[in-house]
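Shown below: run.cif, with mmCIF, C-alpha atoms and all ligand atoms.
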data_coords
#
loop_
_atom_site.label_atom_id
_atom_site.label_comp_id
_atom_site.auth_asym_id
_atom_site.auth_seq_id
_atom_site.Cartn_x
_atom_site.Cartn_y
_atom_site.Cartn_z
CA MET J 168 29.73 53.42 -39.64
CA LYS J 169 26.29 53.81 -41.09
CA THR J 170 23.50 52.07 -39.21
CA THR J 171 20.72 50.59 -41.26
CA ARG J 172 17.24 49.99 -40.00
CA PRO J 173 15.56 46.65 -40.47
CA THR J 174 13.67 46.64 -43.75
CA ALA J 175 10.96 44.20 -42.73
CA GLY J 176 8.84 46.76 -40.87
CA ARG J 177 6.83 46.05 -37.74
CA SER J 178 4.63 43.06 -37.24
CA ALA J 179 0.96 43.32 -38.08
CA PRO J 180 -1.62 43.26 -35.28
CA PRO J 181 -2.03 39.82 -33.66
CA THR J 182 -4.87 37.82 -35.18
CA LEU J 183 -7.70 35.98 -33.46
CA ASP J 184 -9.47 33.42 -35.63
CA THR J 185 -13.25 33.47 -35.25
CA HIS J 186 -14.21 31.18 -38.15
CA ALA J 187 -15.43 28.53 -35.68
CA ILE J 188 -18.07 30.87 -34.26
CA HIS J 189 -18.93 32.64 -37.52
CA ASP J 190 -22.25 30.86 -38.11
CA GLY J 191 -23.30 30.88 -34.47
CA LEU J 192 -22.68 34.62 -34.21
CA ARG J 193 -24.45 35.35 -37.47
CA GLU J 194 -27.52 33.32 -36.51
CA ALA J 195 -27.71 34.80 -33.01
CA ALA J 196 -27.40 38.30 -34.47
CA GLU J 197 -30.14 37.56 -36.99
CA ARG J 198 -32.47 36.47 -34.18
CA ILE J 199 -31.81 39.75 -32.34
CA GLY J 200 -32.47 41.68 -35.55
CA LEU J 201 -32.05 45.32 -34.50
CA THR J 202 -31.50 48.27 -36.81
CA ALA J 203 -28.50 50.62 -36.63
CA ALA J 204 -30.67 53.30 -34.99
CA GLU J 205 -31.80 50.87 -32.30
CA LEU J 206 -28.20 49.81 -31.69
CA GLU J 207 -27.08 53.30 -30.71
CA ALA J 208 -28.07 53.06 -27.04
CA PRO J 209 -25.29 51.71 -24.76
CA THR J 210 -27.82 49.65 -22.76
CA VAL J 211 -29.00 47.96 -25.95
CA GLN J 212 -25.39 47.33 -26.99
CA GLN J 213 -24.66 45.62 -23.67
CA THR J 214 -27.82 43.50 -23.98
CA VAL J 215 -26.77 42.44 -27.47
CA LEU J 216 -23.34 41.46 -26.15
CA GLU J 217 -24.96 39.41 -23.39
CA GLU J 218 -27.35 37.68 -25.78
CA LEU J 219 -24.59 36.90 -28.26
CA THR J 220 -22.45 35.51 -25.45
CA GLN J 221 -25.32 33.34 -24.24
CA ALA J 222 -25.75 31.92 -27.72
CA VAL J 223 -22.00 31.64 -28.37
CA PRO J 224 -20.21 31.10 -25.03
CA ALA J 225 -16.78 31.13 -26.75
CA LEU J 226 -17.33 34.85 -27.27
CA ALA J 227 -16.42 35.54 -23.62
CA ASP J 228 -12.97 34.01 -24.07
CA LEU J 229 -12.50 35.75 -27.42
CA THR J 230 -13.23 39.22 -26.06
CA ARG J 231 -10.96 38.58 -23.05
CA GLN J 232 -8.07 37.58 -25.30
CA ALA J 233 -8.72 40.44 -27.69
CA GLY J 234 -8.75 42.89 -24.78
CA GLN J 235 -5.35 41.62 -23.64
CA GLN J 236 -3.86 41.98 -27.13
CA LEU J 237 -5.37 45.44 -27.44
CA ASP J 238 -3.75 46.44 -24.14
CA VAL J 239 -0.33 45.11 -25.13
CA HIS J 240 -0.19 45.99 -28.83
CA GLY J 241 -2.79 48.73 -29.20
CA ALA J 242 -4.30 46.69 -32.01
CA VAL J 243 -5.92 43.32 -32.65
CA ARG J 244 -7.33 41.69 -35.75
CA PHE J 245 -10.20 39.25 -35.99
CA THR J 246 -10.64 36.93 -38.97
CA GLY J 247 -13.78 35.07 -40.01
CA LEU J 248 -16.40 37.40 -38.56
CA PRO J 249 -19.92 37.71 -40.00
CA VAL J 250 -19.19 41.29 -41.05
CA ALA J 251 -22.44 41.66 -42.98
CA SER J 252 -24.22 41.83 -39.63
CA ASP J 253 -24.04 45.19 -37.87
CA VAL J 254 -25.66 43.59 -34.82
CA ALA J 255 -22.80 41.07 -34.56
CA LEU J 256 -20.11 43.75 -34.98
CA ILE J 257 -21.65 46.23 -32.55
CA GLY J 258 -22.35 43.49 -29.99
CA LEU J 259 -18.76 42.25 -30.16
CA LEU J 260 -17.31 45.77 -30.01
CA ALA J 261 -19.46 46.66 -27.00
CA ALA J 262 -17.02 44.50 -25.02
CA PHE J 263 -14.29 47.12 -25.56
CA GLY J 264 -16.09 50.44 -25.35
CA GLN J 265 -19.13 52.28 -26.55
CA PRO J 266 -19.74 52.28 -30.30
CA THR J 267 -21.16 55.64 -31.29
CA SER J 268 -22.34 57.48 -34.37
CA ARG J 269 -21.05 60.73 -32.90
CA GLY J 270 -18.19 61.96 -35.05
CA ASN J 271 -18.31 58.96 -37.39
CA GLY J 272 -18.66 60.37 -40.87
CA ALA J 273 -19.41 63.75 -42.33
CA PRO J 274 -21.73 65.35 -43.11
CA ALA J 275 -24.00 62.47 -41.97
CA GLU J 276 -22.92 60.58 -38.85
CA ARG J 277 -23.39 56.83 -38.72
CA LEU J 278 -22.93 54.09 -36.15
CA VAL J 279 -21.55 51.98 -38.99
CA TYR J 280 -19.93 54.18 -41.63
CA GLU J 281 -19.08 52.80 -45.03
CA VAL J 282 -15.54 53.47 -46.23
CA ALA J 283 -15.63 52.93 -49.99
CA PRO J 284 -14.58 54.95 -53.03
CA ASP J 285 -17.43 57.04 -54.29
CA ASP J 286 -16.24 58.07 -57.71
CA VAL J 287 -19.37 60.04 -58.55
CA ALA J 288 -19.36 62.17 -55.40
CA THR J 289 -19.13 65.84 -56.30
CA GLY J 290 -18.01 68.81 -54.25
CA PRO J 291 -16.04 68.60 -51.01
CA THR J 292 -16.51 65.15 -49.61
CA ASN J 293 -15.00 63.03 -46.90
CA LEU J 294 -11.51 61.74 -47.68
CA SER J 295 -12.56 58.18 -46.90
CA LYS J 296 -14.72 58.35 -50.03
CA GLY J 297 -11.65 58.67 -52.23
CA ARG J 298 -9.10 56.20 -53.60
CA ALA J 299 -5.90 57.95 -52.55
CA ALA J 300 -3.47 56.49 -50.05
CA GLN J 301 -3.94 57.71 -46.50
CA LYS J 302 -0.86 58.39 -44.42
CA PRO J 303 -0.86 56.91 -40.92
CA HIS J 304 -3.19 59.04 -38.82
CA THR J 305 -5.50 58.89 -35.87
CA ASP J 306 -9.21 59.36 -36.44
CA SER J 307 -11.22 62.26 -35.03
CA PRO J 308 -8.19 64.54 -34.50
CA VAL J 309 -10.44 67.60 -34.86
CA GLN J 310 -12.63 66.55 -31.96
CA HIS J 311 -11.83 67.83 -28.50
CA ARG J 312 -11.64 64.30 -27.24
CA PRO J 313 -10.97 61.90 -30.10
CA HIS J 314 -12.55 58.45 -30.00
CA GLU J 315 -10.48 56.03 -27.95
CA PHE J 316 -11.04 53.08 -30.29
CA LEU J 317 -11.69 52.47 -33.94
CA ALA J 318 -12.70 49.33 -35.84
CA LEU J 319 -12.40 48.67 -39.57
CA ALA J 320 -14.26 45.60 -40.82
CA CYS J 321 -13.68 44.38 -44.36
CA VAL J 322 -16.76 43.54 -46.44
CA THR J 323 -15.03 43.54 -49.85
CA GLY J 324 -11.29 43.70 -50.47
CA ASP J 325 -9.27 45.22 -53.30
CA PRO J 326 -8.58 42.23 -55.56
CA THR J 327 -5.58 43.94 -57.18
CA GLY J 328 -3.67 44.12 -53.91
CA GLY J 329 -4.22 47.84 -53.40
CA GLY J 330 -5.86 49.32 -50.34
CA LEU J 331 -3.43 47.61 -47.97
CA SER J 332 -3.82 48.57 -44.34
CA THR J 333 -0.93 50.16 -42.49
CA VAL J 334 -0.41 50.79 -38.78
CA ALA J 335 2.32 52.63 -36.90
CA ARG J 336 2.61 52.83 -33.12
CA ALA J 337 3.14 56.14 -31.35
CA ASP J 338 5.64 54.45 -29.00
CA ASP J 339 7.79 53.35 -31.95
CA VAL J 340 7.67 56.70 -33.72
CA ALA J 341 8.46 58.69 -30.55
CA ALA J 342 11.30 56.33 -29.61
CA ALA J 343 12.82 56.66 -33.09
CA LEU J 344 12.62 60.46 -32.90
CA ASP J 345 14.17 60.46 -29.42
CA ALA J 346 16.98 58.18 -30.57
CA ARG J 347 17.82 60.71 -33.25
CA ASP J 348 17.75 63.98 -31.35
CA GLY J 349 17.60 63.17 -27.66
CA GLY J 350 14.00 64.27 -27.18
CA ALA J 351 14.02 67.71 -28.85
CA THR J 352 11.30 66.89 -31.41
CA THR J 353 8.99 65.02 -29.05
CA ALA J 354 9.30 67.90 -26.56
CA LEU J 355 7.98 70.29 -29.22
CA LEU J 356 5.22 67.87 -30.21
CA ARG J 357 4.01 67.74 -26.59
CA GLU J 358 3.28 71.47 -26.58
CA GLU J 359 -0.33 72.56 -26.97
CA LYS J 360 0.43 74.44 -30.17
CA PHE J 361 -0.89 72.38 -33.05
CA PRO J 362 -3.94 73.62 -34.98
CA PHE J 363 -5.99 70.71 -36.36
CA LEU J 364 -8.54 71.57 -39.07
CA ASP J 365 -10.94 69.17 -40.71
CA THR J 366 -10.32 68.91 -44.46
CA PRO J 367 -12.04 69.57 -46.74
CA LEU J 368 -15.31 69.98 -44.86
CA GLY J 369 -14.37 72.04 -41.82
CA LEU J 370 -11.81 74.52 -43.11
CA ASN J 371 -13.82 77.48 -41.94
CA LYS J 372 -14.41 76.18 -38.44
CA PRO J 373 -12.16 77.15 -35.54
CA PRO J 374 -9.20 74.77 -35.24
CA VAL J 375 -8.75 72.35 -32.35
CA ILE J 376 -5.45 73.29 -30.76
CA ALA J 377 -3.79 70.34 -29.08
CA PRO J 378 -0.47 68.56 -28.68
CA VAL J 379 0.48 65.84 -31.18
CA LEU J 380 2.03 63.69 -28.45
CA ARG J 381 1.34 63.14 -24.79
CA ARG J 382 3.14 60.87 -22.38
CA THR J 383 1.27 58.98 -19.69
CA SER J 384 2.64 58.63 -16.18
CA GLU J 385 3.58 55.05 -17.18
CA GLY J 386 5.70 56.40 -20.03
CA GLN J 387 3.32 55.35 -22.80
CA TRP J 388 2.96 57.71 -25.74
CA ARG J 389 -0.47 58.93 -26.88
CA VAL J 390 -0.97 60.52 -30.27
CA ARG J 391 -3.32 62.83 -32.11
CA PHE J 392 -2.18 63.17 -35.68
CA ARG J 393 -3.47 63.78 -39.13
CA HIS J 394 -1.00 65.31 -41.54
CA ASP J 395 -3.50 67.05 -43.82
CA ALA J 396 -5.41 68.42 -40.82
CA LEU J 397 -2.19 70.05 -39.57
CA VAL J 398 -1.18 71.36 -42.99
CA ALA J 399 -4.59 73.02 -43.26
CA GLY J 400 -4.32 74.32 -39.68
CA PHE J 401 -0.86 75.82 -40.26
CA GLN J 402 -2.07 77.45 -43.46
CA ARG J 403 -5.22 79.04 -42.08
CA HIS J 404 -3.89 79.83 -38.60
CA PRO J 405 -0.24 80.74 -39.18
CA ASP J 406 0.19 82.35 -35.76
CA VAL J 407 -0.55 79.32 -33.60
CA ALA J 408 2.68 77.41 -34.24
CA GLY J 409 6.21 78.51 -35.01
CA ALA J 410 8.68 77.22 -37.58
CA ALA J 411 10.13 74.76 -35.08
CA HIS J 412 6.71 73.21 -34.52
CA ARG J 413 6.15 72.82 -38.23
CA GLU J 414 9.52 71.18 -38.60
CA ALA J 415 8.67 68.85 -35.73
CA VAL J 416 5.50 67.82 -37.59
CA ASP J 417 7.55 67.20 -40.74
CA ALA J 418 9.96 65.03 -38.76
CA PHE J 419 7.06 63.17 -37.16
CA THR J 420 5.41 62.61 -40.55
CA THR J 421 8.63 61.25 -42.04
CA MET J 422 9.06 58.85 -39.12
CA ALA J 423 5.39 57.80 -39.04
CA THR J 424 5.53 56.92 -42.73
CA ASP J 425 8.88 55.11 -42.47
CA PRO J 426 8.32 51.56 -43.74
CA ALA J 427 10.65 50.32 -40.97
CA LEU J 428 8.15 51.49 -38.35
CA THR J 429 5.01 50.49 -40.23
CA ALA J 430 3.18 47.19 -40.38
CA THR J 431 1.38 46.53 -43.66
CA PHE J 432 -1.28 43.89 -44.11
CA GLN J 433 -4.27 43.14 -46.28
CA LEU J 434 -7.72 42.96 -44.79
CA ALA J 435 -9.75 40.13 -46.31
CA PRO J 436 -13.54 39.88 -46.21
CA GLY J 437 -14.54 38.86 -42.69
CA ASP J 438 -11.55 40.58 -41.09
CA MET J 439 -11.88 43.36 -38.58
CA VAL J 440 -9.02 45.33 -37.07
CA LEU J 441 -9.67 47.02 -33.73
CA LEU J 442 -7.27 49.85 -32.87
CA ASP J 443 -6.51 51.96 -29.84
CA ASN J 444 -6.88 55.30 -31.62
CA THR J 445 -4.80 57.05 -28.96
CA ARG J 446 -1.74 54.80 -29.35
CA VAL J 447 -1.74 53.46 -32.90
CA MET J 448 -2.03 55.32 -36.19
CA HIS J 449 -3.58 53.70 -39.23
CA GLY J 450 -3.60 54.35 -42.94
CA ARG J 451 -3.85 52.56 -46.23
CA THR J 452 -2.16 52.34 -49.59
CA GLU J 453 -3.92 53.60 -52.69
CA ILE J 454 -7.02 51.73 -53.81
CA THR J 455 -6.20 50.45 -57.29
CA GLY J 456 -8.89 47.90 -58.10
CA THR J 457 -11.95 48.74 -60.13
CA ALA J 458 -14.04 46.41 -57.97
CA GLU J 459 -15.45 48.18 -54.96
CA ARG J 460 -13.38 47.93 -51.76
CA ARG J 461 -15.77 48.29 -48.84
CA LEU J 462 -14.98 48.62 -45.15
CA LYS J 463 -17.27 49.31 -42.25
CA ARG J 464 -15.82 51.87 -39.86
CA ILE J 465 -17.05 51.97 -36.29
CA LYS J 466 -15.78 54.47 -33.71
CA LEU J 467 -15.91 53.81 -29.99
CA PHE J 468 -15.70 55.93 -26.89
CA GLY J 469 -13.56 54.37 -24.21
CA GLU J 470 -15.19 52.57 -21.31
CA GLY J 471 -16.08 54.76 -18.40
CA ARG J 472 -16.08 57.86 -20.51
CA ALA J 473 -18.75 60.38 -19.58
CA THR J 474 -21.04 60.99 -22.55
O1 LIG J 501 -9.52 52.65 -45.97
C1 LIG J 501 -8.88 52.36 -44.96
O2 LIG J 501 -8.29 51.28 -44.84
C2 LIG J 501 -8.77 53.32 -43.83
C3 LIG J 501 -9.78 54.42 -43.91
C4 LIG J 501 -9.58 55.40 -42.81
O3 LIG J 501 -8.55 55.55 -42.25
C5 LIG J 501 -10.71 56.20 -42.37
O4 LIG J 501 -11.76 56.17 -43.01
O5 LIG J 501 -10.57 56.89 -41.37
FE FE J 502 -8.85 56.75 -40.44
#
For the file at hand, write its structure as structure tokens.
Amino acid sequence: MKTTRPTAGRSAPPTLDTHAIHDGLREAAERIGLTAAELEAPTVQQTVLEELTQAVPALADLTRQAGQQLDVHGAVRFTGLPVASDVALIGLLAAFGQPTSRGNGAPAERLVYEVAPDDVATGPTNLSKGRAAQKPHTDSPVQHRPHEFLALACVTGDPTGGGLSTVARADDVAAALDARDGGATTALLREEKFPFLDTPLGLNKPPVIAPVLRRTSEGQWRVRFRHDALVAGFQRHPDVAGAAHREAVDAFTTMATDPALTATFQLAPGDMVLLDNTRVMHGRTEITGTAERRLKRIKLFGEGRAT
């Protein structure tokens, strides 16, 4: 008998509604009034969080709840945030880790990086400046230690219903692979044999060679994955991985893009999704609207990480 998978896909990240504190947060952030450059220092970020929490006491409960959801699901979504304010976003995110410009955007690194189609950009440019769909991936796969967290805040949506956000959990993808072949594919993906190369900007740099999957002592799966970074790595460094490893990546890609394992949702202005970049992959469907879809992308180092 043929088994069929559920067609509904996974549920989207749990949502925390912040409309009630929108104005309070925005006004408190305006009073603080720091620039992006001034917001880079972790001590400043913590002070901003404290000042925002003093002005808006409900923030303490919000960050506690969000932290719990992030632990359980690897993802949480806020609605109704004053996303125009970088101070508000960085202050809120400082509760979960250390927002950093390091590795956020190329060639120029930014604390708050704008993800928006740039149709007039010429030459090799960052993929997040295009309109194409992005397969589920983790960010910063070509860094020796990828950022632990990632936030995407929506300033302007795609009014035609394109640019939908997708997420897929490493636990779900690994479990589905294991159910199919008893662990053969995930065993290959845990080997330190995968050459990641930044495309299109870093093709001539040495690859970062790392496993796609790791398993924690608690049995949780951790992922580093970007399909185009691996395709480029296999092409330029054909001796690092064997045919079996390439096939394992193909199998992983197929599973990670399976609608049954993917949650799809639309970010609206004022929404921000916060992801554990080591457990949950994200992507988006093609941007189809002519109006500008604009997200702010913020990358965070995990708490306690030596910098
Ligand atoms: O546009 C999106 O929704 C996601 C963009 C993205 O994944 C990225 O810039 O890393
Ligand atoms: Fe990304």
Do you have, as CSV, the list of residues of chain J lying at most 12 Å from ligand FE 502 (chain J), each with its nearest atom pair and that distance in Å to one decimal, counting all atoms listed in the file and ordered by chain then number?
residue,atom,partner,partner_atom,distance
J:Gly270,CA,J:FE502,FE,12.0
J:Asn271,CA,J:FE502,FE,10.2
J:Gly272,CA,J:FE502,FE,10.5
J:Tyr280,CA,J:FE502,FE,11.4
J:Glu281,CA,J:FE502,FE,11.9
J:Val282,CA,J:FE502,FE,9.4
J:Asn293,CA,J:FE502,FE,10.9
J:Leu294,CA,J:FE502,FE,9.2
J:Ser295,CA,J:FE502,FE,7.6
J:Lys296,CA,J:FE502,FE,11.4
J:Ala300,CA,J:FE502,FE,11.0
J:Gln301,CA,J:FE502,FE,7.9
J:Lys302,CA,J:FE502,FE,9.1
J:Pro303,CA,J:FE502,FE,8.0
J:His304,CA,J:FE502,FE,6.3
J:Thr305,CA,J:FE502,FE,6.1
J:Asp306,CA,J:FE502,FE,4.8
J:Ser307,CA,J:FE502,FE,8.1
J:Pro308,CA,J:FE502,FE,9.8
J:Pro313,CA,J:FE502,FE,11.7
J:His314,CA,J:FE502,FE,11.2
J:Phe316,CA,J:FE502,FE,11.0
J:Leu317,CA,J:FE502,FE,8.3
J:Ala318,CA,J:FE502,FE,9.5
J:Leu319,CA,J:FE502,FE,8.9
J:Ser332,CA,J:FE502,FE,10.4
J:Thr333,CA,J:FE502,FE,10.5
J:Val334,CA,J:FE502,FE,10.5
J:Arg391,CA,J:FE502,FE,11.7
J:Phe392,CA,J:FE502,FE,10.4
J:Arg393,CA,J:FE502,FE,8.9
J:His394,CA,J:FE502,FE,11.7
J:Val440,CA,J:FE502,FE,11.9
J:Leu441,CA,J:FE502,FE,11.8
J:Leu442,CA,J:FE502,FE,10.4
J:Asp443,CA,J:FE502,FE,11.9
J:Asn444,CA,J:FE502,FE,9.2
J:Val447,CA,J:FE502,FE,10.9
J:Met448,CA,J:FE502,FE,8.2
J:His449,CA,J:FE502,FE,6.2
J:Gly450,CA,J:FE502,FE,6.3
J:Arg451,CA,J:FE502,FE,8.7
J:Leu462,CA,J:FE502,FE,11.2
J:Lys463,CA,J:FE502,FE,11.4
J:Arg464,CA,J:FE502,FE,8.5
J:Ile465,CA,J:FE502,FE,10.4
J:Lys466,CA,J:FE502,FE,9.9
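Here atom CA of Glu459 of chain J stands at a distance of 6.9 Å from atom CA of Thr323 of chain J.
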Near segment 355-357 of chain J, within 12 Å and counting all atoms listed in the file, which residues show up once chain neighbours fewer than 4 positions away are dropped, as a VMD selection string?
chain J and resid 337 340 to 341 344 to 345 348 350 to 351 361 to 362 376 to 383 388 to 392 408 to 420
Write a file of the just-selected residues containing C-alpha atoms, as a tab-separated table (two decimals), keeping the file's coordinate frame.
chain	number	residue	atom	x	y	z
J	337	ALA	CA	3.14	56.14	-31.35
J	340	VAL	CA	7.67	56.70	-33.72
J	341	ALA	CA	8.46	58.69	-30.55
J	344	LEU	CA	12.62	60.46	-32.90
J	345	ASP	CA	14.17	60.46	-29.42
J	348	ASP	CA	17.75	63.98	-31.35
J	350	GLY	CA	14.00	64.27	-27.18
J	351	ALA	CA	14.02	67.71	-28.85
J	361	PHE	CA	-0.89	72.38	-33.05
J	362	PRO	CA	-3.94	73.62	-34.98
J	376	ILE	CA	-5.45	73.29	-30.76
J	377	ALA	CA	-3.79	70.34	-29.08
J	378	PRO	CA	-0.47	68.56	-28.68
J	379	VAL	CA	0.48	65.84	-31.18
J	380	LEU	CA	2.03	63.69	-28.45
J	381	ARG	CA	1.34	63.14	-24.79
J	382	ARG	CA	3.14	60.87	-22.38
J	383	THR	CA	1.27	58.98	-19.69
J	388	TRP	CA	2.96	57.71	-25.74
J	389	ARG	CA	-0.47	58.93	-26.88
J	390	VAL	CA	-0.97	60.52	-30.27
J	391	ARG	CA	-3.32	62.83	-32.11
J	392	PHE	CA	-2.18	63.17	-35.68
J	408	ALA	CA	2.68	77.41	-34.24
J	409	GLY	CA	6.21	78.51	-35.01
J	410	ALA	CA	8.68	77.22	-37.58
J	411	ALA	CA	10.13	74.76	-35.08
J	412	HIS	CA	6.71	73.21	-34.52
J	413	ARG	CA	6.15	72.82	-38.23
J	414	GLU	CA	9.52	71.18	-38.60
J	415	ALA	CA	8.67	68.85	-35.73
J	416	VAL	CA	5.50	67.82	-37.59
J	417	ASP	CA	7.55	67.20	-40.74
J	418	ALA	CA	9.96	65.03	-38.76
J	419	PHE	CA	7.06	63.17	-37.16
J	420	THR	CA	5.41	62.61	-40.55
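Note that the spacing between atom CA of Arg461 of chain J and atom C1 of ligand LIG 501 (chain J) amounts to 8.9 Å.
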Taking all atoms of ligand LIG 501 (chain J) that the file lists and extending 4 Å past them on each side, where is the centre of the axis-aligned box and how long are its edges? Answer in Å to one decimal, as lines of an AutoDock Vina configuration file.
center_x = -10.0
center_y = 54.1
center_z = -43.7
size_x = 11.5
size_y = 13.6
size_z = 12.6
Separation of atom CA of Asp365 of chain J from atom CA of Val407 of chain J, in Å and rounded to one decimal
16.2 Å
Got a sec to check which residues sit within 6 Å of (-15.2, 66.7, -41.5), counting all atoms listed in the file, and write them as a VMD selection string?
chain J and resid 273 365 368 to 369
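Candidate residues J:Thr353, J:Thr185, J:Asn371, J:Thr424 were compared for distance to Thr246 of chain J, and the nearest is J:Thr185, using only C-alpha atoms.
Comparing J:Leu370, J:Leu364, J:Ala262, J:Leu428 by their smallest distance to Glu470 of chain J, the closest is J:Ala262 (using only C-alpha atoms).
Distances from J:Thr230, J:Thr452, J:Thr366, J:Thr210 to ligand LIG 501 (chain J) were compared using only C-alpha atoms and all ligand atoms, and the smallest one belongs to J:Thr452.
With only C-alpha atoms and all ligand atoms as the atoms that count, the residue of J:Gly330, J:Gly386, J:Gly469, J:Pro405 with the shortest distance to ligand LIG 501 (chain J) is J:Gly330.
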Taking 4 positions as the minimum chain separation for residues in the same chain, which residues sit within 12 Å of Pro224 of chain J when counting all atoms listed in the file? Answer as a PyMOL selection string.
chain J and resi 187-188+191-192+195+216-220+228-230
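Of the listed residues (J:Gln232, J:Thr352, J:Gln402, J:Gln433), J:Gln402 comes nearest to Pro374 of chain J; the distances count only C-alpha atoms.
Here the question is which of J:Asp238, J:Asp395, J:Glu207, J:Glu276 gets nearest to Gly258 of chain J using all atoms listed in the file, and that residue is J:Glu207.
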